[in-house]
>>> print(open('start.cif').read())   # mmCIF, C-alpha atoms and all ligand atoms
data_protein
#
loop_
_atom_site.label_atom_id
_atom_site.label_comp_id
_atom_site.auth_asym_id
_atom_site.auth_seq_id
_atom_site.Cartn_x
_atom_site.Cartn_y
_atom_site.Cartn_z
CA MET A 130 257.37 134.83 205.70
CA LYS A 131 258.60 138.32 204.80
CA THR A 132 260.89 138.19 201.76
CA LEU A 133 263.42 140.63 200.42
CA GLY A 134 265.48 141.09 197.26
CA LEU A 135 269.02 142.47 197.46
CA TYR A 136 270.60 144.58 194.73
CA ILE A 137 274.36 145.04 195.04
CA HIS A 138 276.02 147.74 192.95
CA ILE A 139 279.59 147.31 191.68
CA PRO A 140 280.40 150.66 190.07
CA PHE A 141 283.59 149.86 188.13
CA CYS A 142 284.09 149.42 184.38
CA LYS A 143 286.99 149.01 181.98
CA SER A 144 285.95 152.20 180.16
CA LYS A 145 282.87 154.37 179.78
CA CYS A 146 280.40 153.46 177.03
CA ARG A 147 279.19 156.36 174.93
CA TYR A 148 275.55 156.08 175.97
CA CYS A 149 276.07 155.31 179.66
CA ASP A 150 274.74 157.51 182.46
CA PHE A 151 274.93 154.82 185.16
CA CYS A 152 276.99 155.39 188.25
CA SER A 153 280.16 153.72 187.02
CA PHE A 154 283.83 154.63 187.14
CA PRO A 155 286.28 153.58 184.43
CA HIS A 156 289.82 152.36 185.23
CA PRO A 157 289.45 152.04 189.02
CA LYS A 158 292.60 151.89 191.17
CA THR A 159 293.13 148.57 193.01
CA GLU A 160 293.13 150.48 196.29
CA THR A 161 289.70 152.05 195.57
CA VAL A 162 288.23 148.66 194.66
CA LYS A 163 289.54 147.16 197.92
CA LYS A 164 288.11 150.01 199.99
CA TYR A 165 284.80 149.75 198.16
CA ILE A 166 284.45 146.02 198.85
CA SER A 167 285.15 146.57 202.50
CA ALA A 168 282.59 149.45 202.72
CA LEU A 169 280.05 147.27 200.91
CA ILE A 170 280.57 144.40 203.33
CA SER A 171 280.07 146.77 206.28
CA GLU A 172 276.80 147.93 204.73
CA ILE A 173 275.68 144.31 204.16
CA GLU A 174 276.40 143.49 207.81
CA GLU A 175 274.57 146.57 209.04
CA TYR A 176 271.46 145.88 206.95
CA GLY A 177 271.61 142.20 207.92
CA ARG A 178 271.17 143.30 211.54
CA ALA A 179 268.37 145.76 210.68
CA TYR A 180 266.37 143.38 208.44
CA GLY A 181 266.95 140.14 210.34
CA GLU A 182 263.27 139.11 210.17
CA TYR A 183 263.32 138.94 206.35
CA THR A 184 264.31 135.99 204.14
CA VAL A 185 266.34 137.03 201.12
CA ASN A 186 265.21 135.11 198.05
CA THR A 187 266.90 137.06 195.26
CA VAL A 188 270.34 138.67 195.05
CA TYR A 189 271.38 140.69 192.00
CA PHE A 190 274.89 142.07 191.40
CA GLY A 191 274.66 144.93 188.89
CA GLY A 192 276.86 147.74 187.78
CA GLY A 193 279.07 148.91 186.41
CA THR A 194 280.68 145.64 185.52
CA PRO A 195 280.61 143.28 188.52
CA THR A 196 282.75 140.76 186.62
CA LEU A 197 285.58 143.29 186.49
CA LEU A 198 286.18 142.12 190.05
CA ASP A 199 287.95 138.80 190.67
CA ALA A 200 285.56 135.88 191.11
CA GLN A 201 287.03 135.58 194.60
CA HIS A 202 285.91 139.14 195.43
CA LEU A 203 282.37 138.56 194.17
CA THR A 204 282.07 135.35 196.18
CA GLU A 205 283.50 137.10 199.23
CA ILE A 206 280.69 139.69 198.98
CA LEU A 207 278.13 136.91 198.52
CA LYS A 208 279.56 135.14 201.56
CA ALA A 209 278.95 138.30 203.59
CA VAL A 210 275.31 138.26 202.38
CA LYS A 211 274.96 134.62 203.48
CA ALA A 212 276.50 135.38 206.86
CA SER A 213 274.38 138.49 207.49
CA PHE A 214 270.94 137.57 206.11
CA SER A 215 268.79 134.49 206.10
CA LEU A 216 269.14 133.41 202.45
CA SER A 217 266.57 130.94 201.10
CA GLY A 218 267.96 127.68 199.72
CA ASP A 219 266.47 128.29 196.26
CA ALA A 220 267.46 131.98 196.04
CA GLU A 221 268.03 133.36 192.54
CA ILE A 222 271.58 134.77 192.60
CA THR A 223 272.51 136.75 189.50
CA THR A 224 275.50 138.72 188.41
CA GLU A 225 275.72 140.97 185.41
CA CYS A 226 278.71 140.19 183.24
CA ASN A 227 280.25 141.94 180.27
CA PRO A 228 281.62 139.84 177.39
CA ALA A 229 285.36 139.24 177.62
CA THR A 230 285.46 139.82 181.39
CA GLY A 231 284.98 136.16 182.32
CA GLY A 232 286.00 132.75 180.97
CA PHE A 233 285.49 129.09 181.87
CA ASP A 234 287.49 129.12 185.17
CA TYR A 235 285.95 132.40 186.23
CA PHE A 236 282.42 131.09 185.69
CA LYS A 237 283.24 127.83 187.47
CA ALA A 238 284.42 129.85 190.47
CA LEU A 239 281.20 131.90 190.45
CA LEU A 240 279.07 128.77 190.34
CA SER A 241 280.89 127.16 193.22
CA GLY A 242 280.60 130.44 195.15
CA GLY A 243 276.79 130.23 194.87
CA PHE A 244 275.86 132.28 191.78
CA ASN A 245 273.25 130.54 189.62
CA ARG A 246 272.27 133.12 187.00
CA LEU A 247 274.24 135.32 184.60
CA SER A 248 273.08 138.42 182.76
CA ILE A 249 275.44 139.14 179.87
CA GLY A 250 275.63 142.62 178.29
CA VAL A 251 275.79 141.57 174.63
CA GLN A 252 273.93 144.65 173.24
CA SER A 253 274.58 143.78 169.57
CA MET A 254 276.15 141.08 167.43
CA ASN A 255 277.32 143.67 164.90
CA ASP A 256 280.90 144.85 165.45
CA ARG A 257 280.28 148.25 163.84
CA GLU A 258 277.32 148.90 166.18
CA LEU A 259 279.32 147.77 169.21
CA LYS A 260 282.09 150.17 168.26
CA LEU A 261 279.65 153.05 167.84
CA LEU A 262 278.26 152.31 171.34
CA GLY A 263 281.81 152.45 172.72
CA ARG A 264 281.66 148.84 173.88
CA LEU A 265 285.04 147.13 174.17
CA HIS A 266 283.93 143.64 173.13
CA SER A 267 283.27 142.10 169.74
CA ALA A 268 280.40 139.85 168.62
CA GLU A 269 282.82 136.93 168.80
CA ASP A 270 283.65 137.80 172.45
CA ALA A 271 279.93 137.76 173.26
CA LYS A 272 279.47 134.34 171.67
CA SER A 273 282.46 132.82 173.40
CA THR A 274 281.44 134.28 176.79
CA LEU A 275 278.03 132.66 176.48
CA ARG A 276 279.53 129.34 175.37
CA GLU A 277 282.07 129.35 178.23
CA ALA A 278 279.32 130.12 180.75
CA ARG A 279 277.35 127.13 179.46
CA LYS A 280 280.40 124.88 179.49
CA ALA A 281 281.11 125.89 183.08
CA GLY A 282 277.56 124.89 184.02
CA PHE A 283 275.34 128.01 184.09
CA GLU A 284 271.82 126.87 183.21
CA ASN A 285 270.11 130.23 183.57
CA VAL A 286 271.58 132.88 181.29
CA SER A 287 270.09 136.20 180.25
CA VAL A 288 271.40 138.54 177.57
CA ASP A 289 270.86 142.27 177.08
CA VAL A 290 270.26 143.51 173.53
CA MET A 291 269.74 147.10 172.42
CA PHE A 292 267.68 148.60 169.63
CA GLY A 293 267.72 152.11 168.23
CA ILE A 294 271.54 152.05 168.06
CA PRO A 295 273.11 154.60 165.66
CA GLU A 296 273.16 153.20 162.11
CA GLN A 297 271.22 150.09 163.20
CA THR A 298 268.62 148.81 160.73
CA PRO A 299 265.70 146.41 161.27
CA GLN A 300 267.77 143.85 159.34
CA SER A 301 270.89 144.20 161.51
CA LEU A 302 268.76 143.96 164.67
CA ALA A 303 267.05 140.83 163.30
CA GLN A 304 270.48 139.33 162.61
CA THR A 305 271.63 140.13 166.16
CA LEU A 306 268.54 138.42 167.58
CA ASP A 307 269.01 135.38 165.32
CA GLU A 308 272.63 135.01 166.43
CA VAL A 309 271.86 135.56 170.11
CA CYS A 310 268.90 133.17 170.06
CA SER A 311 270.94 130.47 168.32
CA LEU A 312 272.88 130.33 171.61
CA SER A 313 269.60 129.56 173.45
CA PRO A 314 269.55 132.07 176.34
CA GLU A 315 266.76 131.44 178.84
CA HIS A 316 266.03 135.18 179.16
CA LEU A 317 266.52 138.29 177.05
CA SER A 318 266.16 141.98 177.86
CA LEU A 319 265.60 144.26 174.88
CA TYR A 320 266.19 147.94 175.63
CA GLY A 321 265.68 150.94 173.38
CA LEU A 322 268.66 153.30 173.35
CA LYS A 323 267.95 156.61 175.06
CA ILE A 324 270.23 159.59 174.72
CA GLU A 325 270.84 160.59 178.32
CA GLU A 326 272.16 163.94 179.47
CA GLY A 327 275.85 164.13 180.27
CA THR A 328 276.83 161.21 178.01
CA HIS A 329 279.18 161.22 175.02
CA PHE A 330 276.12 160.62 172.80
CA ALA A 331 274.33 163.66 174.24
CA ARG A 332 277.38 165.82 173.54
CA HIS A 333 277.53 164.56 169.94
CA ALA A 334 273.79 164.17 169.33
CA ASP A 335 273.89 166.16 166.07
CA SER A 336 276.25 163.72 164.43
CA LEU A 337 274.34 160.54 165.40
CA ILE A 338 272.46 158.73 162.64
CA LEU A 339 269.57 157.27 164.62
CA PRO A 340 266.63 155.19 163.36
CA ASP A 341 263.47 157.35 163.20
CA GLU A 342 260.51 156.74 165.56
CA ASP A 343 258.52 154.61 163.10
CA THR A 344 261.54 152.42 162.38
CA GLU A 345 262.16 151.96 166.11
CA TYR A 346 258.55 150.96 166.62
CA GLU A 347 258.82 148.49 163.74
CA MET A 348 262.05 147.14 165.28
CA TYR A 349 260.32 146.57 168.62
CA LEU A 350 257.24 144.83 167.19
CA SER A 351 259.20 142.57 164.85
CA SER A 352 261.59 141.66 167.72
CA VAL A 353 258.67 140.66 169.97
CA LYS A 354 257.46 138.35 167.18
CA LYS A 355 260.89 136.90 166.46
CA LEU A 356 261.69 136.24 170.11
CA ALA A 357 258.39 134.38 170.55
CA GLU A 358 259.43 132.12 167.65
CA PHE A 359 262.50 131.19 169.73
CA GLY A 360 260.32 130.46 172.77
CA LEU A 361 261.16 133.77 174.49
CA GLU A 362 257.78 135.19 175.48
CA ARG A 363 257.41 138.79 176.58
CA TYR A 364 256.42 139.13 180.22
CA GLU A 365 257.37 142.82 180.65
CA ILE A 366 257.76 145.62 178.08
CA SER A 367 261.48 144.93 177.67
CA ASN A 368 261.87 141.41 179.06
CA PHE A 369 261.37 138.01 177.48
CA ALA A 370 261.82 134.55 178.94
CA LYS A 371 261.45 130.86 178.29
CA LYS A 372 258.86 129.17 180.48
CA GLY A 373 260.02 129.13 184.11
CA PHE A 374 262.87 131.62 183.57
CA THR A 375 261.37 135.05 184.28
CA SER A 376 263.71 137.17 186.42
CA ARG A 377 262.48 136.70 189.97
CA HIS A 378 264.56 139.66 191.12
CA ASN A 379 263.24 142.11 188.52
CA LEU A 380 259.67 140.94 189.10
CA LYS A 381 260.06 142.26 192.64
CA TYR A 382 260.53 145.77 191.20
CA TRP A 383 257.46 145.48 188.95
CA HIS A 384 255.30 143.95 191.68
CA ARG A 385 256.58 146.63 194.08
CA GLU A 386 257.80 144.09 196.58
CA ASP A 387 260.48 144.83 199.16
CA TYR A 388 264.11 145.19 198.09
CA LEU A 389 267.27 146.72 199.47
CA GLY A 390 269.90 148.35 197.28
CA LEU A 391 273.45 148.18 198.63
CA GLY A 392 276.44 150.04 197.30
CA ILE A 393 276.86 153.45 195.80
CA ALA A 394 273.76 154.95 194.09
CA ALA A 395 271.61 151.92 194.95
CA HIS A 396 267.88 152.40 195.63
CA SER A 397 265.72 150.61 198.20
CA CYS A 398 261.97 150.18 198.67
CA VAL A 399 260.64 148.62 201.85
CA GLY A 400 256.92 149.04 202.57
CA ASN A 401 256.11 152.73 202.40
CA ARG A 402 259.76 153.84 202.52
CA ARG A 403 262.03 154.56 199.62
CA PHE A 404 265.64 155.49 200.19
CA ALA A 405 268.74 155.79 198.05
CA ASN A 406 272.48 155.84 198.57
CA THR A 407 274.74 158.67 197.57
CA CYS A 408 276.44 158.74 194.14
CA ASP A 409 279.54 160.24 195.77
CA ILE A 410 282.09 157.46 196.21
CA GLU A 411 284.17 159.39 198.77
CA LYS A 412 281.09 159.86 200.97
CA TYR A 413 280.10 156.22 200.53
CA LEU A 414 283.56 155.00 201.53
CA LYS A 415 283.35 157.09 204.71
CA GLY A 416 280.02 155.43 205.60
CA ASP A 417 277.99 158.58 204.87
CA ARG A 418 275.64 156.64 202.59
CA ILE A 419 272.03 157.77 202.56
CA ASP A 420 271.22 160.50 200.07
CA THR A 421 267.39 160.47 199.98
CA ASN A 422 264.84 158.94 202.31
CA GLU A 423 261.12 159.42 201.84
CA THR A 424 257.82 158.05 203.06
CA ILE A 425 255.37 157.29 200.29
CA SER A 426 251.67 158.07 200.80
CA PRO A 427 249.05 155.30 200.26
CA HIS A 428 247.82 157.21 197.19
CA ASP A 429 251.30 157.28 195.65
CA ILE A 430 251.84 153.61 196.47
CA LEU A 431 248.71 152.85 194.45
CA CYS A 432 249.97 154.99 191.53
CA GLU A 433 253.36 153.26 191.67
CA LYS A 434 251.71 149.84 191.67
CA ILE A 435 249.62 150.76 188.62
CA MET A 436 252.61 152.26 186.81
CA LEU A 437 254.81 149.22 187.47
CA GLY A 438 252.08 146.59 187.00
CA MET A 439 251.09 148.00 183.62
CA ARG A 440 254.63 147.30 182.37
CA LEU A 441 253.83 143.61 182.69
CA GLU A 442 252.14 141.40 180.12
CA GLU A 443 249.71 140.35 182.89
CA GLY A 444 248.86 144.04 183.55
CA ALA A 445 247.34 145.27 186.81
CA ASP A 446 244.42 143.79 188.73
CA PHE A 447 242.46 146.82 189.91
CA ASP A 448 240.18 144.87 192.29
CA LEU A 449 243.19 143.34 193.98
CA LEU A 450 244.97 146.72 194.14
CA GLN A 451 241.94 148.25 195.83
CA GLU A 452 241.98 145.49 198.43
CA GLU A 453 245.75 145.75 198.98
CA THR A 454 245.99 149.52 199.24
CA ASN A 455 242.53 150.49 200.55
CA GLU A 456 242.54 153.24 197.92
CA ASP A 457 239.83 153.79 195.32
CA THR A 458 241.05 152.45 191.97
CA ALA A 459 237.88 153.20 189.94
CA LYS A 460 239.17 156.45 188.44
CA TYR A 461 242.29 154.78 187.00
CA LYS A 462 240.43 151.68 185.89
CA ASN A 463 237.88 153.80 184.01
CA ALA A 464 240.61 155.86 182.37
CA LEU A 465 242.39 152.71 181.17
CA GLU A 466 239.13 151.17 179.94
CA ARG A 467 239.06 153.90 177.29
CA TYR A 468 242.26 152.37 175.90
CA VAL A 469 240.56 148.95 175.87
CA SER A 470 237.81 150.32 173.64
CA CYS A 471 240.30 151.83 171.19
CA GLY A 472 242.40 148.64 170.91
CA TYR A 473 245.44 149.55 173.03
CA ALA A 474 244.63 147.31 175.98
CA LYS A 475 242.59 144.27 176.98
CA LYS A 476 240.41 143.59 180.02
CA GLU A 477 239.63 140.38 181.86
CA GLY A 478 237.58 140.78 185.03
CA GLY A 479 239.29 143.41 187.17
CA ARG A 480 242.55 143.10 185.27
CA ILE A 481 243.66 145.45 182.49
CA ALA A 482 246.79 144.86 180.42
CA PHE A 483 248.29 146.75 177.51
CA LEU A 484 248.56 145.13 174.09
CA SER A 485 251.82 145.59 172.13
CA ASN A 486 250.82 148.97 170.66
CA GLY A 487 249.73 150.28 174.08
CA MET A 488 252.77 148.91 175.83
CA TYR A 489 255.07 150.79 173.50
CA VAL A 490 253.46 154.13 174.39
CA SER A 491 252.54 153.18 177.96
CA ASN A 492 254.75 155.84 179.55
CA SER A 493 252.87 158.68 177.91
CA ILE A 494 249.46 157.07 178.54
CA LEU A 495 250.23 156.51 182.24
CA SER A 496 251.75 159.94 182.77
CA GLU A 497 248.40 161.44 181.66
CA ILE A 498 246.34 159.17 183.89
CA LEU A 499 248.30 158.92 187.12
CA ASP A 500 248.29 161.81 189.56
CA PHE A 501 251.16 161.34 191.97
CA GLU A 502 251.03 163.63 195.00
CA LYS A 503 254.78 164.11 195.30
S1 LIG B 601 279.70 148.56 180.76
FE1 LIG B 601 277.64 149.17 181.40
S2 LIG B 601 277.92 150.38 183.28
FE2 LIG B 601 279.93 150.17 182.28
S3 LIG B 601 280.14 152.02 181.09
FE3 LIG B 601 279.29 150.47 179.71
S4 LIG B 601 277.07 150.70 179.89
FE4 LIG B 601 277.98 151.81 181.59
#
>>> encode(input="start.cif", output="structure tokens")
Amino acid sequence: MKTLGLYIHIPFCKSKCRYCDFCSFPHPKTETVKKYISALISEIEEYGRAYGEYTVNTVYFGGGTPTLLDAQHLTEILKAVKASFSLSGDAEITTECNPATGGFDYFKALLSGGFNRLSIGVQSMNDRELKLLGRLHSAEDAKSTLREARKAGFENVSVDVMFGIPEQTPQSLAQTLDEVCSLSPEHLSLYGLKIEEGTHFARHADSLILPDEDTEYEMYLSSVKKLAEFGLERYEISNFAKKGFTSRHNLKYWHREDYLGLGIAAHSCVGNRRFANTCDIEKYLKGDRIDTNETISPHDILCEKIMLGMRLEEGADFDLLQEETNEDTAKYKNALERYVSCGYAKKEGGRIAFLSNGMYVSNSILSEILDFEK
């Protein structure tokens, strides 16, 4: 059976956070939202016809803030997915949700519409840090959103937390994690803040009081330890889960399995093809969607698989990769073995995985080793 993950992008937000470079539009007009939903449904129907032989086993609504839409609109989009694709009975169906954009009735409606997983953008449980990030919610909003989701019946809840926030200290991050974990999420994503071009933070970089590199590293390592104490084990650099609650959708990205991205700015990867939608909403609404479309060489597929696999706690199995891709993996395996001998990685049979210290600097290690053709 050929399986597929679907990512659906909802690009609207209440306002723009200071660090955000995602494709998201604050204060959307009702008319634009309506047109967007209808363009999205057309795209779902079109892809349903083109990928009819696949079974969809994960659906992920991201943004933006999907829960800025009425629950009825989100379930209408999901209905279109069900009508257009063959959706497996045990599909993982997630929506991202920002605190204070959904309550008990809203979550009930999502559950009865078919959603079974929530990913809540908590970011911090410190009101000062939330304000500095430009988030609209408070720590109390985050807590009550999580409680309401539970009360409504969601049994699979993930939260996003950030580290490296301006003025954040190891102590305030530890407090955030204690408070978040006391609400028993099944999954937690821990992202380091990056100052991205074009954001409010980039324009005001000189005035930001950011933790230095050593403090950030300390924050990451102590968070990994703390989360394990709460039963949240790391399975990817930034992702932690209780047993049985890893994100099936995100694992598709890291295993380089097939997925389609629908909606503005969404990316797809099917076999040796990668394609992406335009970031221009006017073009998207007119149906002029595809922005880039490329065929990936077998060599680059191997490099991608190594790059993505090495993000995972389980690492990459070089014997298996050689079999799957028919490409010679020895060069990369040998290069990574050097990091095994200096204590940054471990090796078991054909599999090599980074240890915590290696994982933290994995991007720079891999960019030296991998030689993409494109
Ligand atoms: S809520 Fe998320 S997508 Fe929207 S502006 Fe903030 S960070 Fe960006």
>>> closest_atom_pairs(input="start.cif", of="region 190-232 of chain A", to="region 254-267 of chain A", cutoff="10 Å", atoms="all atoms listed in the file", output="Markdown table")
| residue | atom | partner | partner_atom | distance |
| --- | --- | --- | --- | --- |
| A:Asn227 | CA | A:His266 | CA | 8.2 |
| A:Pro228 | CA | A:His266 | CA | 6.2 |
| A:Ala229 | CA | A:His266 | CA | 6.4 |
| A:Thr230 | CA | A:His266 | CA | 9.2 |
>>> write_last_selection(input="start.cif", atoms="C-alpha atoms", output="mmCIF file, in the frame of the given file")
data_model
loop_
_atom_site.group_PDB
_atom_site.id
_atom_site.type_symbol
_atom_site.label_atom_id
_atom_site.label_comp_id
_atom_site.auth_asym_id
_atom_site.auth_seq_id
_atom_site.Cartn_x
_atom_site.Cartn_y
_atom_site.Cartn_z
ATOM 1 C CA ASN A 227 280.250 141.940 180.270
ATOM 2 C CA PRO A 228 281.620 139.840 177.390
ATOM 3 C CA ALA A 229 285.360 139.240 177.620
ATOM 4 C CA THR A 230 285.460 139.820 181.390
#
>>> closest_atom_pairs(input="start.cif", of="chain A", to="ligand LIG 601 (chain B)", cutoff="9 Å", atoms="only C-alpha atoms and all ligand atoms", output="JSON lines")
{"residue": "A:Pro140", "atom": "CA", "partner": "B:LIG601", "partner_atom": "S2", "distance": 7.2}
{"residue": "A:Phe141", "atom": "CA", "partner": "B:LIG601", "partner_atom": "FE2", "distance": 6.9}
{"residue": "A:Cys142", "atom": "CA", "partner": "B:LIG601", "partner_atom": "FE2", "distance": 4.7}
{"residue": "A:Lys143", "atom": "CA", "partner": "B:LIG601", "partner_atom": "FE2", "distance": 7.2}
{"residue": "A:Ser144", "atom": "CA", "partner": "B:LIG601", "partner_atom": "S3", "distance": 5.9}
{"residue": "A:Lys145", "atom": "CA", "partner": "B:LIG601", "partner_atom": "S3", "distance": 3.8}
{"residue": "A:Cys146", "atom": "CA", "partner": "B:LIG601", "partner_atom": "FE3", "distance": 4.2}
{"residue": "A:Arg147", "atom": "CA", "partner": "B:LIG601", "partner_atom": "FE3", "distance": 7.6}
{"residue": "A:Tyr148", "atom": "CA", "partner": "B:LIG601", "partner_atom": "S4", "distance": 6.8}
{"residue": "A:Cys149", "atom": "CA", "partner": "B:LIG601", "partner_atom": "FE4", "distance": 4.4}
{"residue": "A:Asp150", "atom": "CA", "partner": "B:LIG601", "partner_atom": "FE4", "distance": 6.6}
{"residue": "A:Phe151", "atom": "CA", "partner": "B:LIG601", "partner_atom": "FE4", "distance": 5.6}
{"residue": "A:Cys152", "atom": "CA", "partner": "B:LIG601", "partner_atom": "S2", "distance": 7.1}
{"residue": "A:Ser153", "atom": "CA", "partner": "B:LIG601", "partner_atom": "S2", "distance": 5.5}
{"residue": "A:Phe154", "atom": "CA", "partner": "B:LIG601", "partner_atom": "S3", "distance": 7.6}
{"residue": "A:Pro155", "atom": "CA", "partner": "B:LIG601", "partner_atom": "S3", "distance": 7.2}
{"residue": "A:Gly191", "atom": "CA", "partner": "B:LIG601", "partner_atom": "S2", "distance": 8.5}
{"residue": "A:Gly192", "atom": "CA", "partner": "B:LIG601", "partner_atom": "S2", "distance": 5.3}
{"residue": "A:Gly193", "atom": "CA", "partner": "B:LIG601", "partner_atom": "S2", "distance": 3.6}
{"residue": "A:Thr194", "atom": "CA", "partner": "B:LIG601", "partner_atom": "FE2", "distance": 5.6}
{"residue": "A:Cys226", "atom": "CA", "partner": "B:LIG601", "partner_atom": "S1", "distance": 8.8}
{"residue": "A:Asn227", "atom": "CA", "partner": "B:LIG601", "partner_atom": "S1", "distance": 6.7}
{"residue": "A:Gly250", "atom": "CA", "partner": "B:LIG601", "partner_atom": "FE1", "distance": 7.5}
{"residue": "A:Leu262", "atom": "CA", "partner": "B:LIG601", "partner_atom": "FE3", "distance": 8.6}
{"residue": "A:Gly263", "atom": "CA", "partner": "B:LIG601", "partner_atom": "FE3", "distance": 7.7}
{"residue": "A:Arg264", "atom": "CA", "partner": "B:LIG601", "partner_atom": "FE3", "distance": 6.5}
{"residue": "A:Leu265", "atom": "CA", "partner": "B:LIG601", "partner_atom": "S1", "distance": 8.6}
>>> write_last_selection(input="start.cif", atoms="C-alpha atoms", output="mmCIF file, in the frame of the given file")
data_model
loop_
_atom_site.group_PDB
_atom_site.id
_atom_site.type_symbol
_atom_site.label_atom_id
_atom_site.label_comp_id
_atom_site.auth_asym_id
_atom_site.auth_seq_id
_atom_site.Cartn_x
_atom_site.Cartn_y
_atom_site.Cartn_z
ATOM 1 C CA PRO A 140 280.400 150.660 190.070
ATOM 2 C CA PHE A 141 283.590 149.860 188.130
ATOM 3 C CA CYS A 142 284.090 149.420 184.380
ATOM 4 C CA LYS A 143 286.990 149.010 181.980
ATOM 5 C CA SER A 144 285.950 152.200 180.160
ATOM 6 C CA LYS A 145 282.870 154.370 179.780
ATOM 7 C CA CYS A 146 280.400 153.460 177.030
ATOM 8 C CA ARG A 147 279.190 156.360 174.930
ATOM 9 C CA TYR A 148 275.550 156.080 175.970
ATOM 10 C CA CYS A 149 276.070 155.310 179.660
ATOM 11 C CA ASP A 150 274.740 157.510 182.460
ATOM 12 C CA PHE A 151 274.930 154.820 185.160
ATOM 13 C CA CYS A 152 276.990 155.390 188.250
ATOM 14 C CA SER A 153 280.160 153.720 187.020
ATOM 15 C CA PHE A 154 283.830 154.630 187.140
ATOM 16 C CA PRO A 155 286.280 153.580 184.430
ATOM 17 C CA GLY A 191 274.660 144.930 188.890
ATOM 18 C CA GLY A 192 276.860 147.740 187.780
ATOM 19 C CA GLY A 193 279.070 148.910 186.410
ATOM 20 C CA THR A 194 280.680 145.640 185.520
ATOM 21 C CA CYS A 226 278.710 140.190 183.240
ATOM 22 C CA ASN A 227 280.250 141.940 180.270
ATOM 23 C CA GLY A 250 275.630 142.620 178.290
ATOM 24 C CA LEU A 262 278.260 152.310 171.340
ATOM 25 C CA GLY A 263 281.810 152.450 172.720
ATOM 26 C CA ARG A 264 281.660 148.840 173.880
ATOM 27 C CA LEU A 265 285.040 147.130 174.170
#
>>> residues_around(input="start.cif", residues="region 383-388 of chain A", least_positions_apart="5", cutoff="7 Å", atoms="all atoms listed in the file", output="PyMOL selection string")
chain A and resi 133-135+397-400+434+437-438
>>> residues_around(input="start.cif", residues="Val210 (chain A)", least_positions_apart="6", cutoff="8 Å", atoms="all atoms listed in the file", output="number ranges by chain")
A: 173-174, 177, 216
>>> atom_distance(input="start.cif", atom1="CA of Gly390 (chain A)", atom2="CA of His428 (chain A)")
23.8 Å
>>> atom_distance(input="start.cif", atom1="CA of His156 (chain A)", atom2="CA of Val286 (chain A)")
27.0 Å
>>> closest_residue(input="start.cif", among="A:Asp219, A:Glu284, A:Glu362, A:Glu269", to="Phe236 (chain A)", atoms="only C-alpha atoms")
A:Glu284
>>> closest_residue(input="start.cif", among="A:Thr224, A:Ser318, A:Ser352, A:Ser273", to="Gln300 (chain A)", atoms="all atoms listed in the file")
A:Ser352
>>> closest_residue(input="start.cif", among="A:Glu453, A:Asp234, A:Asp270, A:Glu315", to="Ser248 (chain A)", atoms="only C-alpha atoms")
A:Glu315
>>> closest_residue(input="start.cif", among="A:Asn368, A:Ser171, A:Thr424, A:Asn186", to="Lys503 (chain A)", atoms="all atoms listed in the file")
A:Thr424
>>> atom_distance(input="start.cif", atom1="CA of Leu203 (chain A)", atom2="CA of Phe244 (chain A)")
9.4 Å
>>> closest_residue(input="start.cif", among="A:Gly231, A:Gly479, A:Gly242, A:Gly181", to="Leu450 (chain A)", atoms="all atoms listed in the file")
A:Gly479
>>> closest_residue(input="start.cif", among="A:Asp409, A:His396, A:Ala238, A:Thr328", to="Ala281 (chain A)", atoms="all atoms listed in the file")
A:Ala238
>>> residues_around(input="start.cif", residues="Thr454 (chain A)", least_positions_apart="4", cutoff="8 Å", atoms="all atoms listed in the file", output="PyMOL selection string")
chain A and resi 427+430-431+450
>>> decode(input="start.cif", residues="region 406-414 of chain A", atoms="N, CA and C atoms", output="PDB file, in the first residue's frame")
ATOM      1  N   ASN A 406       4.263  25.350  -3.561  1.00  0.00           N
ATOM      2  CA  ASN A 406       3.280  26.341  -3.999  1.00  0.00           C
ATOM      3  C   ASN A 406       3.808  27.760  -3.824  1.00  0.00           C
ATOM      4  N   THR A 407       3.212  28.642  -4.558  1.00  0.00           N
ATOM      5  CA  THR A 407       3.574  30.056  -4.485  1.00  0.00           C
ATOM      6  C   THR A 407       3.260  30.657  -3.102  1.00  0.00           C
ATOM      7  N   CYS A 408       3.992  31.717  -2.751  1.00  0.00           N
ATOM      8  CA  CYS A 408       3.714  32.452  -1.505  1.00  0.00           C
ATOM      9  C   CYS A 408       2.811  33.640  -1.810  1.00  0.00           C
ATOM     10  N   ASP A 409       2.422  33.796  -3.068  1.00  0.00           N
ATOM     11  CA  ASP A 409       1.617  34.947  -3.474  1.00  0.00           C
ATOM     12  C   ASP A 409       0.134  34.556  -3.405  1.00  0.00           C
ATOM     13  N   ILE A 410      -0.569  35.143  -2.467  1.00  0.00           N
ATOM     14  CA  ILE A 410      -1.958  34.710  -2.237  1.00  0.00           C
ATOM     15  C   ILE A 410      -2.864  35.014  -3.439  1.00  0.00           C
ATOM     16  N   GLU A 411      -2.606  36.128  -4.127  1.00  0.00           N
ATOM     17  CA  GLU A 411      -3.437  36.462  -5.291  1.00  0.00           C
ATOM     18  C   GLU A 411      -3.296  35.387  -6.370  1.00  0.00           C
ATOM     19  N   LYS A 412      -2.040  34.981  -6.604  1.00  0.00           N
ATOM     20  CA  LYS A 412      -1.784  33.927  -7.601  1.00  0.00           C
ATOM     21  C   LYS A 412      -2.458  32.640  -7.158  1.00  0.00           C
ATOM     22  N   TYR A 413      -2.314  32.303  -5.887  1.00  0.00           N
ATOM     23  CA  TYR A 413      -2.889  31.048  -5.375  1.00  0.00           C
ATOM     24  C   TYR A 413      -4.411  31.049  -5.571  1.00  0.00           C
ATOM     25  N   LEU A 414      -5.031  32.170  -5.259  1.00  0.00           N
ATOM     26  CA  LEU A 414      -6.498  32.238  -5.364  1.00  0.00           C
ATOM     27  C   LEU A 414      -6.952  32.074  -6.820  1.00  0.00           C
TER      28      LEU A 414
END
